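Visitor: Structure file start08.txt (compact mmCIF, C-alpha atoms and all ligand atoms) right here:
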```txt
# COMPACT_ATOMS: atom_id res chain seq x y z
CA MET A 1 90.50 101.99 100.08
CA GLN A 2 91.59 104.28 102.92
CA ALA A 3 90.86 108.02 102.65
CA HIS A 4 93.92 110.25 102.73
CA ASN A 5 94.16 114.00 103.40
CA ILE A 6 95.98 115.19 100.32
CA MET A 7 96.17 118.72 101.77
CA GLU A 8 98.76 117.43 104.23
CA ASP A 9 101.12 116.45 101.38
CA ILE A 10 100.68 119.81 99.72
CA VAL A 11 101.32 121.81 102.89
CA LYS A 12 104.37 119.64 103.71
CA ASN A 13 105.83 120.37 100.27
CA TYR A 14 105.35 124.11 100.61
CA LEU A 15 106.79 124.00 104.12
CA ASP A 16 109.94 122.18 102.96
CA GLU A 17 110.41 124.73 100.21
CA ILE A 18 110.03 127.68 102.57
CA LEU A 19 112.24 126.22 105.29
CA SER A 20 115.02 125.53 102.82
CA MET A 21 115.30 129.30 102.38
CA ARG A 22 114.84 130.33 106.02
CA PHE A 23 117.87 129.97 108.24
CA ASP A 24 116.36 132.18 110.88
CA VAL A 25 113.86 129.56 112.08
CA CYS A 26 114.37 126.29 113.84
CA THR A 27 113.75 123.34 111.49
CA CYS A 28 113.74 120.53 114.07
CA ASP A 29 111.00 117.88 113.94
CA ILE A 30 109.09 119.41 116.85
CA CYS A 31 108.89 122.86 115.27
CA ARG A 32 108.16 121.45 111.82
CA GLN A 33 105.32 119.37 113.27
CA ASN A 34 103.90 122.39 115.09
CA ILE A 35 103.94 124.55 111.98
CA LEU A 36 102.26 121.79 110.03
CA ALA A 37 99.56 121.19 112.66
CA TYR A 38 98.74 124.91 112.95
CA THR A 39 98.51 125.33 109.17
CA LEU A 40 96.40 122.21 108.65
CA SER A 41 93.94 123.44 111.26
CA ARG A 42 93.40 126.58 109.16
CA VAL A 43 93.04 125.14 105.65
CA PRO A 44 90.27 122.81 104.41
CA ALA A 45 91.10 119.10 104.50
CA GLN A 46 90.85 117.31 101.14
CA TYR A 47 90.23 113.59 101.67
CA VAL A 48 90.75 111.39 98.61
CA THR A 49 90.72 107.71 97.83
CA THR A 50 92.02 108.19 94.28
CA GLU A 51 94.65 105.91 92.70
CA ILE A 52 98.20 107.32 92.65
CA GLY A 53 98.01 107.91 88.87
CA ALA A 54 95.17 110.47 89.12
CA MET A 55 96.66 112.17 92.15
CA HIS A 56 98.87 114.57 90.22
CA THR A 57 96.02 116.39 88.48
CA LEU A 58 94.12 116.60 91.73
CA ILE A 59 97.09 118.11 93.58
CA GLU A 60 97.48 120.73 90.85
CA GLN A 61 93.77 121.59 91.07
CA ILE A 62 93.90 122.01 94.84
CA LYS A 63 97.05 124.12 94.58
CA VAL A 64 95.41 126.47 92.10
CA GLU A 65 92.42 126.89 94.39
CA HIS A 66 94.13 127.11 97.77
CA SER A 67 97.81 128.00 97.37
CA SER A 68 97.56 131.64 98.46
CA LYS A 69 95.62 130.68 101.61
CA ILE A 70 98.08 127.86 102.40
CA LEU A 71 101.10 130.14 101.95
CA ARG A 72 99.54 132.88 104.07
CA GLU A 73 98.78 130.46 106.89
CA LEU A 74 102.23 128.89 106.65
CA ILE A 75 103.94 132.25 107.06
CA VAL A 76 101.81 133.00 110.14
CA ALA A 77 102.51 129.54 111.57
CA ILE A 78 106.26 129.83 111.01
CA GLN A 79 106.34 133.16 112.80
CA LEU A 80 104.25 131.82 115.70
CA VAL A 81 106.45 128.78 116.18
CA LYS A 82 109.59 130.88 115.77
CA ASP A 83 108.45 133.23 118.52
CA ASN A 84 107.26 130.43 120.85
CA PRO A 85 109.36 127.31 120.27
CA ARG A 86 108.17 124.34 122.35
CA HIS A 87 111.70 123.56 123.46
CA GLU A 88 114.84 125.33 124.66
CA LYS A 89 116.02 127.59 121.87
CA ILE A 90 118.68 125.58 120.05
CA GLU A 91 120.79 128.63 119.41
CA ASP A 92 120.54 132.33 119.83
CA ASP A 93 120.53 133.27 116.18
CA ASN A 94 121.96 136.69 116.61
CA GLN A 95 124.63 135.62 119.08
CA ALA A 96 125.76 132.85 116.74
CA TYR A 97 125.82 135.29 113.81
CA GLN A 98 128.00 137.74 115.77
CA LEU A 99 130.30 134.89 116.73
CA LEU A 100 130.60 133.89 113.11
CA LEU A 101 131.56 137.46 112.09
CA LYS A 102 134.16 137.53 114.88
CA GLN A 103 135.70 134.26 113.69
CA ILE A 104 135.84 135.50 110.07
CA LYS A 105 137.68 138.61 111.26
CA LEU A 106 140.05 136.54 113.37
CA ASP A 107 140.84 134.03 110.61
CA ARG A 108 140.89 136.31 107.59
CA GLY A 109 141.08 139.86 108.89
CA ALA A 110 137.88 140.73 107.01
CA ASP A 111 135.58 142.85 109.13
CA PHE A 112 131.97 142.59 107.99
CA SER A 113 130.49 144.10 111.14
CA HIS A 114 129.52 147.32 109.32
CA TYR A 115 128.03 145.53 106.34
CA ARG A 116 124.27 145.57 105.97
CA GLU A 117 123.04 142.67 108.02
CA ALA A 118 120.05 141.62 105.91
CA LEU A 119 122.11 141.54 102.72
CA LEU A 120 124.98 139.72 104.39
CA LYS A 121 122.68 137.11 105.93
CA ARG A 122 120.88 136.55 102.65
CA ARG A 123 124.18 135.93 100.85
CA MET A 124 125.62 133.84 103.67
CA ASN A 125 122.49 131.70 103.62
CA LEU A 126 123.25 130.76 100.02
CA ARG A 127 126.51 129.17 101.16
CA MET A 128 124.88 127.60 104.22
CA LYS A 129 122.37 125.96 101.94
CA MET A 130 125.13 124.61 99.68
CA CYS A 131 126.93 123.22 102.75
CA LYS A 132 123.67 121.70 103.99
CA VAL A 133 123.92 123.31 107.42
CA ARG A 134 120.98 124.67 109.37
CA ASN A 135 122.37 127.50 111.43
CA TYR A 136 125.27 129.89 111.94
CA SER A 137 127.00 127.70 114.55
CA GLU A 138 127.10 124.77 112.16
CA TYR A 139 128.41 127.01 109.41
CA LEU A 140 131.11 128.26 111.74
CA GLN A 141 132.23 124.65 112.15
CA VAL A 142 132.41 124.25 108.37
CA LEU A 143 134.63 127.34 108.10
CA VAL A 144 136.89 126.15 110.90
CA HIS A 145 137.31 122.65 109.47
CA THR A 146 137.28 123.48 105.74
CA PRO A 147 139.16 126.76 105.23
CA ALA A 148 138.58 126.52 101.45
CA GLU A 149 134.97 127.42 102.23
CA TYR A 150 136.20 130.94 103.00
CA GLU A 151 136.98 131.60 99.32
CA LYS A 152 133.46 130.54 98.37
CA LEU A 153 131.94 132.65 101.12
CA PHE A 154 133.87 135.76 100.04
CA GLU A 155 132.81 135.14 96.48
CA VAL A 156 129.12 135.44 97.40
CA LEU A 157 129.63 138.23 99.95
CA THR A 158 131.42 140.54 97.56
CA ILE A 159 129.46 140.12 94.34
CA ASN A 160 131.71 141.38 91.61
CA VAL A 161 129.33 142.15 88.77
CA SER A 162 130.60 144.89 86.47
CA SER A 163 130.94 145.74 82.78
CA PHE A 164 132.63 148.33 80.59
CA PHE A 165 130.81 151.68 80.47
CA ARG A 166 128.16 150.40 82.89
CA ASP A 167 125.35 153.04 83.05
CA LYS A 168 125.94 154.78 79.74
CA ASP A 169 124.70 158.26 80.74
CA VAL A 170 127.36 158.55 83.42
CA TRP A 171 130.09 157.79 80.91
CA THR A 172 128.73 160.30 78.41
CA LYS A 173 128.82 162.95 81.15
CA LEU A 174 132.36 161.96 82.11
CA LYS A 175 133.51 162.03 78.51
CA VAL A 176 131.83 165.28 77.50
CA ASP A 177 132.11 167.42 80.66
CA ILE A 178 134.03 166.06 83.62
CA LEU A 179 137.23 164.66 82.14
CA PRO A 180 137.68 167.62 79.74
CA ALA A 181 137.20 169.97 82.74
CA ILE A 182 139.90 168.11 84.69
CA ILE A 183 142.26 168.25 81.71
CA ALA A 184 141.55 171.96 81.15
CA ALA A 185 142.22 172.72 84.83
CA LYS A 186 145.55 170.86 84.68
CA LYS A 187 146.54 172.77 81.55
CA LYS A 188 145.59 176.09 83.08
CA SER A 189 147.42 175.53 86.33
CA GLY A 190 150.54 174.43 84.46
CA ASP A 191 150.56 171.75 87.12
CA SER A 192 153.19 169.19 86.26
CA HIS A 193 151.40 166.54 88.27
CA LYS A 194 149.55 163.71 86.60
CA ILE A 195 145.80 163.42 86.46
CA ARG A 196 145.05 160.95 89.23
CA ILE A 197 141.84 158.96 89.50
CA TRP A 198 140.88 156.45 92.16
CA SER A 199 138.50 153.69 91.16
CA ALA A 200 137.44 152.24 94.52
CA GLY A 201 135.83 148.77 94.43
CA CYS A 202 136.98 148.17 90.85
CA SER A 203 136.02 144.50 90.64
CA HIS A 204 137.57 142.90 87.50
CA GLY A 205 138.79 146.23 86.16
CA GLU A 206 136.04 147.15 83.71
CA GLU A 207 135.46 150.53 85.38
CA PRO A 208 139.10 151.75 85.55
CA TYR A 209 139.78 150.50 82.01
CA SER A 210 136.69 152.38 80.74
CA LEU A 211 138.14 155.52 82.33
CA ALA A 212 141.56 154.81 80.86
CA ILE A 213 140.03 154.53 77.39
CA LEU A 214 138.25 157.90 77.68
CA LEU A 215 141.32 159.61 79.11
CA TYR A 216 143.60 158.13 76.49
CA GLU A 217 141.38 159.42 73.69
CA LEU A 218 141.03 162.90 75.20
CA LEU A 219 144.73 163.27 75.97
CA GLU A 220 145.73 161.87 72.57
CA LYS A 221 143.63 164.56 70.90
CA ASP A 222 144.99 167.71 72.50
CA ALA A 223 146.99 167.29 75.67
CA GLN A 224 149.75 164.87 74.98
CA ASN A 225 152.02 166.41 77.60
CA ILE A 226 149.60 165.59 80.43
CA LYS A 227 149.99 162.16 81.96
CA ALA A 228 147.27 160.15 83.67
CA GLU A 229 147.21 157.46 86.30
CA ILE A 230 144.24 155.45 87.49
CA VAL A 231 144.63 153.67 90.81
CA ALA A 232 142.11 150.85 91.01
CA THR A 233 141.52 149.12 94.33
CA ASP A 234 139.44 146.21 95.58
CA ILE A 235 139.30 143.91 98.58
CA ASP A 236 139.08 140.80 96.41
CA LYS A 237 142.44 139.54 95.19
CA ASP A 238 140.97 137.05 92.70
CA CYS A 239 139.15 139.93 91.02
CA LEU A 240 142.34 141.95 90.92
CA ASN A 241 144.25 139.09 89.31
CA ILE A 242 141.65 138.96 86.55
CA ALA A 243 141.80 142.75 86.22
CA ARG A 244 145.59 142.72 85.86
CA LYS A 245 145.36 140.21 83.01
CA GLY A 246 142.95 142.47 81.13
CA PHE A 247 141.24 139.61 79.33
CA TYR A 248 137.42 139.62 79.07
CA GLY A 249 134.59 137.50 77.68
CA LYS A 250 131.94 139.04 75.46
CA ASP A 251 129.48 139.72 78.30
CA ALA A 252 131.68 142.53 79.63
CA PHE A 253 131.16 144.51 76.40
CA LYS A 254 127.36 144.86 76.42
CA GLU A 255 127.53 148.63 76.84
CA MET A 256 130.74 149.35 74.93
CA SER A 257 130.64 150.69 71.37
CA SER A 258 132.28 148.55 68.72
CA TYR A 259 134.51 151.55 67.93
CA TYR A 260 136.19 151.29 71.35
CA LYS A 261 136.17 147.52 71.30
CA ASN A 262 137.98 147.40 67.94
CA LYS A 263 140.40 150.17 68.84
CA PHE A 264 141.42 149.04 72.31
CA PHE A 265 141.00 145.24 72.38
CA ILE A 266 142.55 142.39 70.46
CA PRO A 267 140.31 139.38 69.81
CA VAL A 268 141.86 136.18 71.13
CA SER A 269 140.42 132.66 71.06
CA ASP A 270 137.37 133.06 73.33
CA GLY A 271 137.53 136.68 74.41
CA PHE A 272 139.28 140.01 74.07
CA GLN A 273 142.61 141.28 75.39
CA ILE A 274 143.03 144.93 76.33
CA ILE A 275 145.96 146.59 74.54
CA PRO A 276 149.10 147.52 76.55
CA LYS A 277 148.82 151.30 76.20
CA ILE A 278 145.47 151.28 78.03
CA LYS A 279 146.59 148.66 80.52
CA GLU A 280 149.60 150.67 81.58
CA LEU A 281 147.44 153.62 82.63
CA VAL A 282 145.93 151.54 85.44
CA ILE A 283 147.60 150.33 88.64
CA PHE A 284 145.70 147.70 90.63
CA LYS A 285 146.08 147.46 94.40
CA GLU A 286 144.48 145.21 97.01
CA ARG A 287 142.86 147.52 99.54
CA ASN A 288 140.06 147.29 102.02
CA LEU A 289 138.07 150.51 101.78
CA ILE A 290 137.22 150.40 105.45
CA HIS A 291 140.63 150.01 107.03
CA ASP A 292 143.26 150.86 104.45
CA GLU A 293 144.62 154.23 103.51
CA ALA A 294 142.88 156.32 100.85
CA VAL A 295 144.47 157.18 97.49
CA PHE A 296 145.31 160.81 98.15
CA GLY A 297 145.65 163.69 95.71
CA ALA A 298 142.89 162.44 93.42
CA ASP A 299 141.23 164.56 90.72
CA MET A 300 138.37 162.11 90.77
CA VAL A 301 137.16 159.28 92.97
CA ILE A 302 134.73 156.85 91.40
CA CYS A 303 133.10 154.39 93.77
CA ARG A 304 129.99 152.80 92.34
CA ASN A 305 127.82 149.93 93.49
CA VAL A 306 129.96 149.26 96.52
CA PHE A 307 127.96 151.18 99.14
CA ILE A 308 125.12 148.67 98.95
CA TYR A 309 127.14 146.45 101.25
CA PHE A 310 127.63 149.01 103.99
CA ASN A 311 125.38 150.40 106.67
CA ARG A 312 124.60 154.11 106.79
CA SER A 313 127.28 155.15 109.27
CA LEU A 314 130.00 153.39 107.31
CA GLN A 315 128.73 154.98 104.09
CA GLU A 316 128.98 158.41 105.72
CA HIS A 317 132.47 157.60 106.96
CA LEU A 318 133.60 156.48 103.49
CA ILE A 319 132.20 159.55 101.78
CA MET A 320 134.27 161.69 104.17
CA LYS A 321 137.29 159.51 103.42
CA PHE A 322 136.82 160.10 99.69
CA HIS A 323 136.41 163.82 100.36
CA GLY A 324 139.78 163.78 102.12
CA ALA A 325 141.37 161.91 99.21
CA LEU A 326 140.18 164.47 96.62
CA LEU A 327 142.01 167.61 95.58
CA LYS A 328 140.01 170.82 95.87
CA GLY A 329 137.55 170.91 92.96
CA GLY A 330 137.91 167.15 92.47
CA TYR A 331 134.93 165.01 91.45
CA PHE A 332 133.21 162.19 93.28
CA VAL A 333 131.15 159.70 91.25
CA MET A 334 128.70 157.36 92.99
CA GLY A 335 126.49 154.52 91.73
CA MET A 336 123.11 155.34 90.18
CA THR A 337 121.22 154.07 93.23
CA GLU A 338 123.47 155.69 95.83
CA SER A 339 123.38 159.18 97.30
CA LEU A 340 125.28 161.63 99.47
CA LEU A 341 124.54 161.32 103.17
CA GLY A 342 124.91 163.46 106.27
CA GLU A 343 127.62 166.10 106.50
CA ALA A 344 128.79 165.33 102.94
CA ARG A 345 125.78 167.15 101.46
CA HIS A 346 127.36 170.44 102.57
CA ILE A 347 130.90 169.88 101.41
CA PHE A 348 130.16 168.70 97.89
CA ARG A 349 128.43 170.62 95.10
CA THR A 350 126.04 168.59 92.95
CA GLU A 351 127.36 168.51 89.41
CA ASP A 352 124.79 166.07 88.03
CA SER A 353 122.15 164.65 90.34
CA LEU A 354 120.96 161.95 87.92
CA CYS A 355 124.44 160.64 87.23
CA ARG A 356 125.40 161.06 90.90
CA ILE A 357 128.42 163.24 90.19
CA TYR A 358 129.56 165.68 92.89
CA GLN A 359 132.38 168.19 93.19
CA LYS A 360 134.48 168.94 96.27
CA ILE A 361 133.88 172.57 97.19
C1 LIG A 401 129.44 145.24 92.33
S1 LIG A 401 131.17 145.47 92.32
C2 LIG A 401 131.27 147.11 91.66
C3 LIG A 401 132.22 147.17 90.49
C4 LIG A 401 132.26 148.52 89.79
N1 LIG A 401 132.53 149.60 90.71
C5 LIG A 401 130.97 148.79 89.05
O1 LIG A 401 130.12 149.55 89.51
O2 LIG A 401 130.78 148.21 87.96
C6 LIG A 401 131.50 145.75 94.04
C7 LIG A 401 132.97 145.57 94.38
O3 LIG A 401 133.18 146.09 95.69
C8 LIG A 401 134.19 145.32 96.30
N2 LIG A 401 134.17 145.50 97.75
C9 LIG A 401 133.26 145.08 98.66
N3 LIG A 401 133.62 145.41 99.91
C10 LIG A 401 134.81 146.06 99.80
C11 LIG A 401 135.71 146.65 100.74
N4 LIG A 401 135.44 146.62 102.05
N5 LIG A 401 136.83 147.21 100.27
C12 LIG A 401 137.11 147.23 98.94
N6 LIG A 401 136.31 146.70 98.00
C13 LIG A 401 135.17 146.11 98.42
C14 LIG A 401 133.84 143.90 95.86
O4 LIG A 401 134.95 143.03 95.95
C15 LIG A 401 133.39 144.13 94.42
O5 LIG A 401 134.44 143.91 93.50
```
Go ahead and render the structure in this file as C-alpha cells.
Ligand SMILES: C[S@@+](CC[C@H](N)C(=O)[O-])C[C@H]1O[C@@H](n2cnc3c(N)ncnc32)[C@H](O)[C@@H]1O
Guide:
Amino acid sequence: MQAHNIMEDIVKNYLDEILSMRFDVCTCDICRQNILAYTLSRVPAQYVTTEIGAMHTLIEQIKVEHSSKILRELIVAIQLVKDNPRHEKIEDDNQAYQLLLKQIKLDRGADFSHYREALLKRRMNLRMKMCKVRNYSEYLQVLVHTPAEYEKLFEVLTINVSSFFRDKDVWTKLKVDILPAIIAAKKKSGDSHKIRIWSAGCSHGEEPYSLAILLYELLEKDAQNIKAEIVATDIDKDCLNIARKGFYGKDAFKEMSSYYKNKFFIPVSDGFQIIPKIKELVIFKERNLIHDEAVFGADMVICRNVFIYFNRSLQEHLIMKFHGALLKGGYFVMGMTESLLGEARHIFRTEDSLCRIYQKI
C-alpha cells in the first residue's frame, strides 16, 4: 500500500476554511498552491498507509496535536503570498472596493464612503460569500446584473437590531430624571410648544415607542395640557414600514416590564400590537443622517448604536448636527459604547457619563 501524507489533507482543509472567509487575498490555484507548499514545509509530514476507515481517528489525533502550529503557519503563508503574488495582481483590492462604493452611490444614492471600512468590508463579505464571488469586481457585476441584491446588501450593512427599553439603566434615568426635567421646564416656561424628541436611527421603532410610553405615562399623571411628538428617522425604509405597523414578536420585549406590555400592547395571533394612543405620538420619516436635514427644535435627541458604522470625522460632524438640532438645555443620548468626540466635549455638559446622557450648554 502506498504511503500518503495525511498532513496535506489537514492543511488543505484548514486553508479552504480560512480562504472562504478572506476576500482580501487571491484564491487562484497558483496562490493556493504556494500557500500550501510553504505551510507543508513548516509542519511535520505524517505518512500513513492506514485503511480509509481508520483515517478519521488519526486525523483527529493529528489535529489535536498540531492544529495551533498549522494555523499559525497558514496565517504567515497567506500573508507572504498576499504580499508577493507570483503573478500579476488580479485586481487592486482597494481600487475595486472604492469603485464598488461609487457604483452603490450612483445606483442607490447611498454614500458609504464615511462608514468604517473594516466593518463595511466584513459585512459586505458575508454577501459576497452568499453570491459565491471572490472579489469586489465580481460583486460589482452581481449588483449591476441583479439589482435585487442591493436589498440584501443593505440589510447586512445596516444591521437593525433593537428592542424595547434596550439598556435598562438608560431608561430608568430617562424616566426618573430627564423626561420629568423636560416636562418641568416646559411647564415653567409656559411654552405652548410641544415636547419634541428626535430618535435618529430608530430601526423598527422600539426606541421611539419606548420613549412614547414613558412620556405618555408622565404626561397622563400631571401634565395633560402638554403635548409630545417623537420624530423617528432611519435610512432603511423596510424598517420604517415595520415600525409604522407597530406589531412585534416576543423577542422585542426582553427588557420591557409586563406592566408596560399589558398596558400598551394588545396580544394578536403571534405577536403584540402597540395601541393607537402610543402609536400616534410617533412620526416616522425616511432620512439619511449624513445628508438629510436635522429635526430642529428638539428637547432631546437620542441616537444610539448608529455611530458604530461611521468613521471618527463623520461621528464628530453628526454630533455637531445634533447639537444644532437641540434647543438650549436639550439632552443628547448616545449608545452605551459611544462617546462625545472633539469640539463637542466643550459644548455639552455631562449629565450621566455611564448612561451617555449629555446636555446642550
Ligand atoms: C442597530 S440599529 C439601532 C436602533 C436603535 N437606535 C437602538 O439602539 O436600539 C442602527 C440603525 O441605524 C440605521 N442607520 C445606519 N446608517 C444610517 C444613516 N446613514 N442614516 C440613518 N440611519 C442609519 C440603520 O438602518 C439601523 O436601523
Visitor: Counting all atoms listed in the file, what residues are within 8 Å of ligand LIG 401 (chain A), given as a ChimeraX atom specification?
Guide: /A:112,157-164,166,199-207,233-236,239,286-291,302-306,309,335
Visitor: Applying 12 Å and all atoms listed in the file, which residues near range 5-14 of chain A remain after dropping the ones on its own chain fewer than 3 positions away? List them as a PyMOL selection string.
Guide: chain A and resi 2+17-21+32-50+52+55-75+77-78
Visitor: Point out the residue among A:Val295, A:Ile213, A:Ile230, A:Leu126 with the least atom-to-atom distance to Tyr259 in chain A, counting all atoms listed in the file.
Guide: A:Ile213
Visitor: Nearest to Glu255 in chain A among A:Gln224, A:Asn125, A:Thr172, A:Ser313, with distances taken over all atoms listed in the file: which residue is it?
Guide: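 Checking each candidate against Glu255 in chain A, we get A:Thr172 as the closest.
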Visitor: For a test of reading the model, state the distance in Å between CA of Gly249 in chain A and CA of Tyr209 in chain A, rounded to one decimal.
Guide: 14.7 Å
Visitor: Ranking A:Leu140, A:Leu318, A:Cys31, A:Ile357 by minimum distance to Arg127 in chain A and counting all atoms listed in the file, which one comes first?
Guide: A:Leu140
Visitor: With a distance cut-off of 8 Å and only C-alpha atoms, select the neighbouring residues of Phe322 in chain A, excluding the residue or stretch itself and same-chain residues fewer than 6 positions from it, and output the selection as number ranges by chain.
Guide: A: 294, 301, 332
Visitor: Report, in Å to a single decimal, how far apart CA of Ala185 in chain A and CA of Arg349 in chain A are.
Guide: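 Between CA of Arg349 in chain A and CA of Ala185 in chain A the gap works out to 17.3 Å.
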Visitor: Work out how far CA of Gln359 in chain A is from CA of Tyr331 in chain A, in Å to one decimal.
Guide: 4.4 Å
Visitor: Give me the residues within 9 Å of Ile319 in chain A as a list in words, counting only C-alpha atoms and dropping any in the same chain fewer than 5 places off.
Guide: Leu314, Gly324, Phe332, Leu340, Leu341 and Ala344 of chain A
Visitor: If we count only C-alpha atoms and set the cut-off at 10 Å, which residues sit around Pro85 in chain A, ignoring sequence neighbours fewer than 5 positions away in its own chain? Please answer as a list in words.
Guide: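 The filter keeps Val25, Cys26, Ile30, Cys31, Asn34, Gln79, Leu80 and Ile90 of chain A.
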Visitor: Set the distance at 9 Å and use only C-alpha atoms: which residues neighbour Val231 in chain A once local chain neighbours fewer than 6 positions away are removed? I'd like the list as a list in words.
Guide: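 Neighbouring residues, sequence-local ones excluded: Arg196, Ile197, Trp198, Ser199, Ala200, Pro208, Leu281, Val282, Ile283, Phe284, Lys285 and Val295 of chain A.
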Visitor: Grab all the atoms of range 209-212 of chain A that the file lists, wrap them in a box along x, y and z, add 6 Å per side, and give me centre plus edge lengths in Å (one decimal) as JSON.
Guide:
```
{"center_x": 139.1, "center_y": 153.0, "center_z": 81.5, "size_x": 16.9, "size_y": 17.0, "size_z": 13.6}
```
Visitor: Which is closer to Tyr115 in chain A than all the others in A:Leu354, A:Leu101, A:Ala298, A:Ala54, using only C-alpha atoms?
Guide: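 Counting only C-alpha atoms, the residue closest to Tyr115 in chain A is A:Leu101.
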